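Data block for structure.cif (mmCIF, C-alpha atoms):
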```cif
data_start
loop_
_atom_site.label_atom_id
_atom_site.label_comp_id
_atom_site.auth_asym_id
_atom_site.auth_seq_id
_atom_site.Cartn_x
_atom_site.Cartn_y
_atom_site.Cartn_z
CA MET A 1 70.46 134.58 7.30
CA THR A 2 72.12 135.00 10.71
CA ALA A 3 75.40 136.42 11.97
CA LEU A 4 78.32 133.99 11.78
CA THR A 5 78.83 134.23 15.52
CA GLU A 6 75.15 133.72 16.35
CA LEU A 7 74.80 130.27 17.91
CA SER A 8 71.81 127.99 18.14
CA GLU A 9 70.51 127.04 21.57
CA GLU A 10 72.24 123.64 21.33
CA GLU A 11 75.52 125.26 20.29
CA ARG A 12 75.34 127.74 23.18
CA LEU A 13 74.67 124.94 25.66
CA PHE A 14 77.61 122.94 24.33
CA GLN A 15 79.87 126.00 24.40
CA SER A 16 78.93 126.82 28.00
CA THR A 17 79.58 123.21 29.05
CA VAL A 18 83.08 123.26 27.58
CA ARG A 19 83.73 126.73 29.03
CA ARG A 20 82.72 125.57 32.51
CA PHE A 21 84.97 122.50 32.27
CA ALA A 22 87.88 124.64 31.12
CA HIS A 23 87.57 127.16 33.95
CA GLU A 24 86.63 124.78 36.76
CA ARG A 25 88.74 121.72 35.93
CA LEU A 26 91.55 122.77 33.58
CA ALA A 27 92.48 126.20 34.92
CA PRO A 28 93.72 125.08 38.37
CA HIS A 29 96.24 122.70 36.77
CA VAL A 30 97.49 124.64 33.73
CA ARG A 31 100.74 125.90 35.23
CA GLU A 32 101.56 122.58 36.87
CA MET A 33 101.02 120.67 33.59
CA ASP A 34 103.05 123.21 31.63
CA GLU A 35 106.02 122.92 33.99
CA ALA A 36 105.86 119.12 34.06
CA GLY A 37 105.25 118.84 30.33
CA VAL A 38 102.55 116.25 30.98
CA PHE A 39 98.77 116.38 30.59
CA ARG A 40 96.94 114.93 33.60
CA LYS A 41 95.35 111.55 32.93
CA ASP A 42 92.30 112.35 35.05
CA LEU A 43 91.57 115.45 32.94
CA LEU A 44 92.01 113.46 29.74
CA HIS A 45 89.54 110.93 31.12
CA GLU A 46 87.09 113.74 31.88
CA MET A 47 87.38 115.02 28.31
CA PHE A 48 86.37 111.57 27.09
CA GLU A 49 83.51 111.49 29.59
CA LEU A 50 82.26 114.86 28.32
CA GLY A 51 82.32 113.57 24.75
CA LEU A 52 85.01 116.01 23.66
CA MET A 53 87.11 113.31 22.03
CA GLY A 54 84.37 112.10 19.71
CA ILE A 55 82.36 115.22 18.97
CA ASP A 56 81.28 114.43 15.42
CA VAL A 57 81.52 110.64 15.70
CA PRO A 58 78.06 109.19 14.94
CA GLU A 59 76.06 108.05 17.95
CA GLU A 60 76.00 104.49 16.61
CA PHE A 61 79.76 104.39 17.28
CA GLY A 62 79.49 105.95 20.73
CA GLY A 63 80.14 109.55 19.71
CA GLN A 64 78.17 112.75 20.20
CA GLY A 65 76.84 112.94 16.64
CA GLY A 66 77.67 116.64 16.39
CA ASP A 67 78.97 118.48 13.35
CA PHE A 68 82.38 119.95 12.58
CA PHE A 69 81.43 123.36 13.98
CA TYR A 70 80.94 121.86 17.45
CA SER A 71 84.59 120.76 17.37
CA ILE A 72 85.60 124.32 16.51
CA LEU A 73 83.61 125.68 19.45
CA ALA A 74 85.24 123.18 21.83
CA ILE A 75 88.76 123.92 20.58
CA GLU A 76 88.24 127.67 20.93
CA GLU A 77 86.87 127.45 24.48
CA LEU A 78 89.62 125.12 25.69
CA ALA A 79 92.33 127.30 24.14
CA ARG A 80 91.13 130.32 26.13
CA VAL A 81 92.35 128.48 29.22
CA ASP A 82 94.91 125.95 27.97
CA PRO A 83 95.97 125.57 24.32
CA SER A 84 97.56 122.22 25.21
CA ALA A 85 94.13 120.79 25.99
CA ALA A 86 92.78 122.39 22.83
CA VAL A 87 95.32 120.74 20.55
CA ILE A 88 94.59 117.30 22.05
CA VAL A 89 90.90 117.72 21.20
CA ASP A 90 91.78 119.35 17.87
CA VAL A 91 93.91 116.48 16.52
CA GLN A 92 91.42 113.90 17.77
CA ASN A 93 88.42 115.48 16.05
CA THR A 94 89.55 117.45 13.01
CA LEU A 95 92.14 114.89 11.93
CA CYS A 96 91.79 111.38 13.37
CA THR A 97 88.06 110.71 13.73
CA ASN A 98 87.41 112.92 10.72
CA LEU A 99 89.57 110.96 8.29
CA LEU A 100 88.34 107.62 9.62
CA GLN A 101 84.77 108.62 8.88
CA ARG A 102 85.61 109.83 5.40
CA TRP A 103 88.00 107.10 4.21
CA GLY A 104 87.65 104.20 6.62
CA THR A 105 85.99 100.95 5.62
CA ASP A 106 82.93 99.78 7.53
CA ASP A 107 85.16 97.33 9.38
CA GLN A 108 87.69 100.03 10.30
CA LYS A 109 84.93 102.32 11.55
CA ARG A 110 83.47 99.55 13.71
CA ARG A 111 86.87 98.68 15.13
CA PHE A 112 88.28 102.13 15.82
CA LEU A 113 85.63 104.85 16.06
CA PRO A 114 84.05 103.52 19.30
CA ARG A 115 87.49 103.36 20.89
CA LEU A 116 88.41 106.89 19.79
CA ALA A 117 85.13 108.20 21.21
CA ARG A 118 85.45 106.23 24.46
CA ASP A 119 89.05 106.04 25.69
CA THR A 120 91.68 105.98 22.92
CA VAL A 121 93.68 109.02 21.83
CA GLY A 122 94.64 109.25 18.16
CA SER A 123 97.68 110.69 16.39
CA TYR A 124 98.30 111.84 12.83
CA ALA A 125 101.83 110.96 11.63
CA LEU A 126 102.91 112.65 8.42
CA SER A 127 106.03 114.69 9.25
CA GLU A 128 109.58 113.40 9.01
CA ALA A 129 113.03 114.95 9.44
CA GLY A 130 113.19 115.83 5.73
CA SER A 131 109.46 116.09 5.17
CA GLY A 132 107.91 119.20 6.71
CA SER A 133 106.43 121.77 4.36
CA ASP A 134 107.46 119.40 1.55
CA ALA A 135 104.98 116.97 3.04
CA PHE A 136 105.43 114.16 0.54
CA ALA A 137 109.20 113.89 0.57
CA LEU A 138 108.65 110.78 2.68
CA VAL A 139 111.31 108.14 3.24
CA THR A 140 109.25 105.91 5.55
CA ARG A 141 108.73 102.81 3.43
CA ALA A 142 105.92 100.26 3.33
CA THR A 143 106.65 96.89 1.70
CA LEU A 144 103.99 94.24 1.10
CA VAL A 145 105.00 90.82 2.46
CA ASN A 146 102.46 87.97 2.66
CA GLU A 147 99.23 89.89 3.26
CA GLU A 148 100.80 92.46 5.54
CA TYR A 149 102.88 95.58 5.13
CA ARG A 150 106.27 96.05 6.77
CA LEU A 151 106.82 99.70 7.69
CA ASN A 152 110.30 101.09 8.23
CA GLY A 153 111.27 104.65 9.07
CA ARG A 154 110.87 107.44 11.59
CA LYS A 155 108.21 110.07 12.11
CA LEU A 156 108.92 113.32 13.95
CA TRP A 157 106.89 115.94 15.86
CA ILE A 158 103.84 113.73 16.28
CA THR A 159 101.20 115.38 18.47
CA ASN A 160 99.53 113.31 21.23
CA ALA A 161 101.98 110.45 20.63
CA ALA A 162 102.75 109.78 24.30
CA GLU A 163 99.06 109.21 25.05
CA SER A 164 97.87 107.73 21.76
CA GLY A 165 96.67 104.20 21.17
CA LEU A 166 96.04 104.61 17.44
CA PHE A 167 98.24 106.26 14.82
CA VAL A 168 97.50 107.23 11.22
CA ILE A 169 100.91 106.76 9.60
CA PHE A 170 101.78 107.86 6.08
CA ALA A 171 104.42 105.87 4.22
CA THR A 172 105.36 105.31 0.61
CA ILE A 173 105.05 101.98 -1.19
CA ASP A 174 107.20 103.26 -4.06
CA PRO A 175 109.63 106.17 -3.60
CA ALA A 176 110.02 106.51 -7.37
CA ALA A 177 106.28 107.25 -7.69
CA GLY A 178 106.55 110.43 -5.61
CA TYR A 179 103.30 111.50 -4.01
CA LYS A 180 101.46 108.75 -5.90
CA GLY A 181 103.16 106.15 -3.74
CA VAL A 182 102.01 107.62 -0.42
CA THR A 183 99.62 105.37 1.51
CA ALA A 184 97.90 105.78 4.89
CA PHE A 185 98.00 103.02 7.51
CA LEU A 186 96.17 102.54 10.82
CA VAL A 187 98.76 101.39 13.35
CA GLU A 188 97.93 100.42 16.92
CA ARG A 189 100.33 101.22 19.74
CA ASP A 190 101.11 97.59 20.58
CA THR A 191 101.89 96.61 16.96
CA PRO A 192 105.17 94.60 16.74
CA GLY A 193 108.00 96.77 15.41
CA PHE A 194 106.41 100.04 16.53
CA THR A 195 107.80 102.16 19.39
CA ILE A 196 107.40 105.68 20.74
CA GLY A 197 110.74 107.51 20.64
CA LYS A 198 112.03 110.76 22.08
CA LYS A 199 109.56 113.21 23.58
CA GLU A 200 110.36 116.80 22.57
CA ASP A 201 111.06 119.48 25.17
CA LYS A 202 109.16 122.43 23.70
CA LEU A 203 108.78 126.18 24.03
CA GLY A 204 104.98 126.09 24.28
CA ILE A 205 101.93 123.80 24.45
CA ARG A 206 104.19 121.76 26.70
CA ALA A 207 101.47 119.59 28.23
CA SER A 208 100.60 118.33 24.75
CA SER A 209 103.07 115.56 23.97
CA THR A 210 105.14 115.67 20.78
CA CYS A 211 107.22 112.58 20.07
CA GLU A 212 109.23 110.64 17.53
CA LEU A 213 107.82 107.36 16.19
CA VAL A 214 110.15 104.51 15.29
CA LEU A 215 109.07 101.81 12.82
CA GLU A 216 111.33 98.76 12.42
CA ASP A 217 109.65 96.07 10.34
CA CYS A 218 106.37 97.24 11.86
CA ARG A 219 103.79 94.68 10.74
CA VAL A 220 100.50 96.17 9.58
CA PRO A 221 97.75 93.95 8.13
CA VAL A 222 96.30 94.82 4.74
CA ALA A 223 92.98 95.38 6.51
CA ASN A 224 94.54 98.42 8.19
CA VAL A 225 95.29 100.30 4.97
CA LEU A 226 93.22 103.49 5.12
CA GLY A 227 91.68 104.42 1.79
CA GLU A 228 93.25 103.25 -1.44
CA VAL A 229 96.87 102.21 -1.80
CA GLY A 230 98.79 105.11 -3.33
CA LYS A 231 96.07 107.65 -2.47
CA GLY A 232 97.38 108.68 0.93
CA TYR A 233 98.33 112.10 -0.41
CA LYS A 234 94.65 112.88 -0.99
CA ILE A 235 93.75 111.82 2.55
CA ALA A 236 96.59 113.89 3.99
CA ILE A 237 95.86 117.08 2.05
CA GLU A 238 92.10 117.08 2.45
CA THR A 239 92.27 116.28 6.16
CA LEU A 240 94.83 119.01 6.80
CA ASN A 241 92.58 121.51 5.04
CA GLU A 242 90.00 120.85 7.74
CA GLY A 243 92.61 120.66 10.49
CA ARG A 244 93.70 124.20 9.64
CA ILE A 245 90.28 125.47 10.67
CA GLY A 246 90.93 123.80 14.01
CA ILE A 247 94.22 125.68 14.36
CA GLY A 248 92.33 128.88 13.53
CA ALA A 249 89.98 128.10 16.42
CA GLN A 250 92.87 127.31 18.74
CA MET A 251 94.65 130.60 17.99
CA THR A 252 91.40 132.57 18.23
CA GLY A 253 90.67 131.05 21.62
CA LEU A 254 94.23 131.72 22.79
CA ALA A 255 93.95 135.36 21.71
CA GLN A 256 90.58 135.69 23.46
CA GLY A 257 92.08 134.26 26.64
CA ALA A 258 94.95 136.76 26.50
CA LEU A 259 92.49 139.59 25.93
CA ASP A 260 90.36 138.41 28.87
CA HIS A 261 93.38 138.56 31.18
CA ALA A 262 94.45 141.96 29.86
CA LEU A 263 90.97 143.44 30.35
CA ALA A 264 90.72 142.18 33.91
CA TYR A 265 94.18 143.54 34.74
CA ALA A 266 93.48 146.92 33.12
CA LYS A 267 90.43 147.34 35.37
CA GLN A 268 92.27 146.68 38.63
CA ARG A 269 95.89 147.79 38.17
CA LYS A 270 96.43 151.39 39.28
CA GLN A 271 99.13 153.86 38.30
CA PHE A 272 99.23 157.62 38.87
CA GLY A 273 96.04 157.41 40.92
CA LYS A 274 93.79 155.64 38.41
CA THR A 275 93.39 152.27 36.73
CA ILE A 276 95.54 151.76 33.66
CA GLY A 277 92.37 151.06 31.68
CA GLU A 278 91.56 154.76 32.02
CA PHE A 279 94.62 155.72 29.97
CA GLN A 280 93.90 156.18 26.29
CA GLY A 281 97.08 154.38 25.24
CA VAL A 282 95.91 151.20 26.97
CA GLN A 283 92.38 151.66 25.66
CA PHE A 284 93.66 151.82 22.09
CA ASP A 285 95.59 148.58 22.56
CA LEU A 286 92.54 146.82 24.01
CA ALA A 287 90.31 148.05 21.21
CA GLU A 288 92.78 146.84 18.58
CA MET A 289 93.12 143.47 20.29
CA ALA A 290 89.36 142.97 20.51
CA THR A 291 88.94 143.86 16.83
CA ASP A 292 91.66 141.41 15.80
CA VAL A 293 90.14 138.60 17.86
CA GLU A 294 86.70 139.17 16.37
CA ALA A 295 88.11 139.20 12.83
CA ALA A 296 89.94 135.90 13.47
CA ARG A 297 86.77 134.38 14.90
CA LEU A 298 84.72 135.43 11.87
CA LEU A 299 87.22 133.92 9.45
CA THR A 300 87.35 130.69 11.44
CA TYR A 301 83.59 130.35 11.91
CA ASN A 302 83.01 131.11 8.22
CA ALA A 303 85.41 128.36 7.13
CA ALA A 304 83.77 125.88 9.53
CA ARG A 305 80.25 126.79 8.42
CA LEU A 306 81.28 126.40 4.77
CA ARG A 307 82.74 122.97 5.52
CA ASP A 308 79.58 121.81 7.27
CA SER A 309 77.40 123.07 4.42
CA GLY A 310 79.37 121.06 1.85
CA LYS A 311 80.68 124.15 0.06
CA PRO A 312 84.31 124.79 -1.02
CA PHE A 313 86.38 126.02 1.92
CA LEU A 314 90.05 125.51 0.98
CA THR A 315 90.85 129.22 0.62
CA GLU A 316 88.84 130.19 3.68
CA ALA A 317 90.55 127.52 5.81
CA ALA A 318 93.99 128.75 4.78
CA MET A 319 92.98 132.36 5.46
CA ALA A 320 91.59 131.45 8.89
CA LYS A 321 94.72 129.56 9.89
CA TYR A 322 97.08 132.22 8.51
CA PHE A 323 95.31 135.20 10.06
CA ALA A 324 94.35 133.65 13.41
CA SER A 325 97.92 132.42 14.00
CA GLN A 326 99.20 135.97 13.47
CA ILE A 327 96.55 137.35 15.79
CA GLY A 328 97.24 134.77 18.48
CA GLU A 329 100.87 135.79 18.65
CA ARG A 330 100.20 139.53 18.38
CA VAL A 331 97.39 139.71 20.93
CA ALA A 332 99.31 137.57 23.43
CA SER A 333 102.28 139.92 23.03
CA GLN A 334 100.13 143.02 23.51
CA ALA A 335 98.46 141.49 26.55
CA LEU A 336 101.84 140.70 28.08
CA GLU A 337 102.90 144.32 27.62
CA ILE A 338 99.73 145.55 29.36
CA PHE A 339 100.79 143.48 32.37
CA GLY A 340 104.20 145.14 32.26
CA GLY A 341 106.99 143.50 34.24
CA VAL A 342 104.74 140.94 35.91
CA GLY A 343 103.73 139.72 32.44
CA PHE A 344 107.27 138.48 31.93
CA THR A 345 107.06 136.15 34.92
CA LYS A 346 105.70 132.62 35.19
CA ASP A 347 103.09 133.88 37.66
CA CYS A 348 101.29 135.62 34.81
CA PRO A 349 99.03 133.35 32.72
CA VAL A 350 99.67 135.47 29.62
CA GLU A 351 103.34 134.46 29.67
CA LYS A 352 102.31 130.90 28.90
CA LEU A 353 99.83 131.96 26.21
CA TYR A 354 102.61 133.99 24.57
CA ARG A 355 104.82 130.89 24.40
CA ASP A 356 101.92 128.72 23.22
CA ALA A 357 101.07 131.11 20.39
CA LYS A 358 104.25 130.64 18.35
CA ILE A 359 103.44 127.15 17.13
CA GLY A 360 100.29 128.41 15.40
CA ARG A 361 102.37 129.83 12.57
CA ILE A 362 104.27 126.57 12.13
CA TYR A 363 102.26 123.36 12.48
CA GLU A 364 99.66 122.00 10.06
CA GLY A 365 101.18 124.18 7.36
CA THR A 366 103.43 127.18 8.00
CA SER A 367 102.23 130.71 7.36
CA ASN A 368 104.20 130.75 4.11
CA MET A 369 102.43 127.60 2.94
CA GLN A 370 99.08 129.22 3.69
CA ARG A 371 100.12 132.22 1.61
CA VAL A 372 101.00 129.89 -1.25
CA THR A 373 97.63 128.13 -1.02
CA ILE A 374 95.67 131.39 -0.94
CA ALA A 375 97.63 132.87 -3.83
CA LYS A 376 97.18 129.76 -5.99
CA GLN A 377 93.44 129.87 -5.44
CA LEU A 378 93.32 133.57 -6.28
CA LEU A 379 95.27 132.99 -9.48
CA GLY A 380 93.27 129.94 -10.46
CA LYS A 381 96.24 127.57 -10.38
#
```

What is this file in structure tokens?
Amino acid sequence: MTALTELSEEERLFQSTVRRFAHERLAPHVREMDEAGVFRKDLLHEMFELGLMGIDVPEEFGGQGGDFFYSILAIEELARVDPSAAVIVDVQNTLCTNLLQRWGTDDQKRRFLPRLARDTVGSYALSEAGSGSDAFALVTRATLVNEEYRLNGRKLWITNAAESGLFVIFATIDPAAGYKGVTAFLVERDTPGFTIGKKEDKLGIRASSTCELVLEDCRVPVANVLGEVGKGYKIAIETLNEGRIGIGAQMTGLAQGALDHALAYAKQRKQFGKTIGEFQGVQFDLAEMATDVEAARLLTYNAARLRDSGKPFLTEAAMAKYFASQIGERVASQALEIFGGVGFTKDCPVEKLYRDAKIGRIYEGTSNMQRVTIAKQLLGK
């Protein structure tokens, strides 16, 4: 038995590699990417080169052959510097490569996993204008015509869409069947009838693209159906359960980054003849922030360890996502206040983390949906 936060030698080496990349390569460009709303292609290429886009993809498919927990470590470390980079890696690993390994055919794995590990970004397309928390109120339709499906509809708020070459798109083959009609499809960027629509102008994680997808008689071969026809709901739900641990890691890393900045500032900023870190009021805030971050990390690591050990983790994943998203927002806010007036300016890195934190309580299941999940598990429903 070891502490949840005690890492093996291999895990520590991996963590330090990601941390070094984040501080040396990402940090100098964070503000520029945030203002432009675009993630640099050279940095994305470096993330592929480091193996961060195929962490748990088996080595036979060109991946790193790591486990789920390695993805969590990478997401956390990247989020300490830039949550936009973290969410790119998060979606790639906890959603796209993850579901392909679990539900893809041998042919689909051979065709797509090497590309996702080498140079192709993936996107997960479930949400629609009328299908957010009510995830299966889908109107995107898939109709079988001569050994191929024709997809028609629109998807909204799709992460990584501007950069992606492969999309997992959920559509219904029979609206009357409700969730039992939902089916998952693997759609490549250059598929006829498929286009990338409007890119959203967002409050936070601005360098991570979020776009609309437009499907107009988009032709998808039967060979690109992921899993069983009509069982897409199972793929969506089970993958999101794992993805929520990734959001927990992202928000934990964001909170740790905010705390790091606040600690450094408290040691050097002087008022009334001494550093502000010498005032008990500031000390109390820092102690509370550090405790919250550690609690979020423990919840997140526990959920990830449970997942890797093959044990039930649904409740723990929801708890990690729910709590860490609260902590991310709260700690970023407290850190900004420690900076005082300068914290409210673009020159302060905590200002960006504060904006980035808000999405944690919204995407991959709102905080209210996490409460519902936790309560149902507690009540045995």

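In this model, the gap between atom CA of Cys211 of chain A and atom CA of Lys199 of chain A comes to 4.3 Å.
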
Got a sec to resolve the PyMOL selection byres ((chain A and resi 250-263) around 8) on this structure and send the residues as a count of residues only? 42

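Neighbours of Tyr322 of chain A closer than or equal to 10 Å, with all atoms listed in the file counted and sequence neighbours fewer than 6 positions away skipped, come out as Arg244, Ile245, Ile247, Gly248, Met251, Ala296, Glu316, Gly360, Arg361, Ile362, Gly365, Thr366, Ser367, Asn368, Met369, Gln370, Arg371 and Ile374 of chain A.
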
File of the preceding selection, C-alpha atoms, as a short mmCIF file (atom, residue, chain, number, x, y, z; two decimals), in the frame of the given file:
```cif
data_model
loop_
_atom_site.label_atom_id
_atom_site.label_comp_id
_atom_site.auth_asym_id
_atom_site.auth_seq_id
_atom_site.Cartn_x
_atom_site.Cartn_y
_atom_site.Cartn_z
CA ARG A 244 93.70 124.20 9.64
CA ILE A 245 90.28 125.47 10.67
CA ILE A 247 94.22 125.68 14.36
CA GLY A 248 92.33 128.88 13.53
CA MET A 251 94.65 130.60 17.99
CA ALA A 296 89.94 135.90 13.47
CA GLU A 316 88.84 130.19 3.68
CA GLY A 360 100.29 128.41 15.40
CA ARG A 361 102.37 129.83 12.57
CA ILE A 362 104.27 126.57 12.13
CA GLY A 365 101.18 124.18 7.36
CA THR A 366 103.43 127.18 8.00
CA SER A 367 102.23 130.71 7.36
CA ASN A 368 104.20 130.75 4.11
CA MET A 369 102.43 127.60 2.94
CA GLN A 370 99.08 129.22 3.69
CA ARG A 371 100.12 132.22 1.61
CA ILE A 374 95.67 131.39 -0.94
#
```

One decimal place gives the atom CA of Pro58 of chain A-atom CA of Leu298 of chain A separation as 27.2 Å

Judged by only C-alpha atoms, the minimum distance to Glu32 of chain A among A:Glu9, A:Glu128, A:Asp292, A:Asp347 is found for A:Asp347

Compile the contact shell of Leu4 of chain A as a list in words: residues with an atom at most 12 Å away, counting all atoms listed in the file, same-chain residues fewer than 2 positions apart removed.
Met1, Thr2, Glu6, Leu7, Ser8, Phe69, Glu294, Ala295, Ala296, Arg297, Leu298, Leu299, Thr300, Tyr301, Asn302, Ala303, Ala304, Arg305 and Leu306 of chain A

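Minimum atom-to-atom distance to Asp134 of chain A, evaluated using only C-alpha atoms, belongs to A:Tyr233 out of A:Ile205, A:Val91, A:Tyr233, A:Val225.
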
Given the file above and the PyMOL selection byres ((chain A and resi 62) around 8), which residues are selected, and can you give them as a list of chain:residue names? A:Gly54, A:Val57, A:Pro58, A:Glu59, A:Glu60, A:Phe61, A:Gly63, A:Gln64, A:Leu113, A:Pro114, A:Ala117, A:Arg118

Residues within 10 Å of (98.1, 97.6, 1.5), counting all atoms listed in the file, listed as a list in words: Ala142, Thr143, Leu144, Val145, Glu147, Glu148, Tyr149, Arg150, Ile173, Thr183, Ala184, Phe185, Val220, Pro221, Val222, Ala223, Asn224, Val225, Leu226, Gly227, Glu228, Val229 and Gly230 of chain A
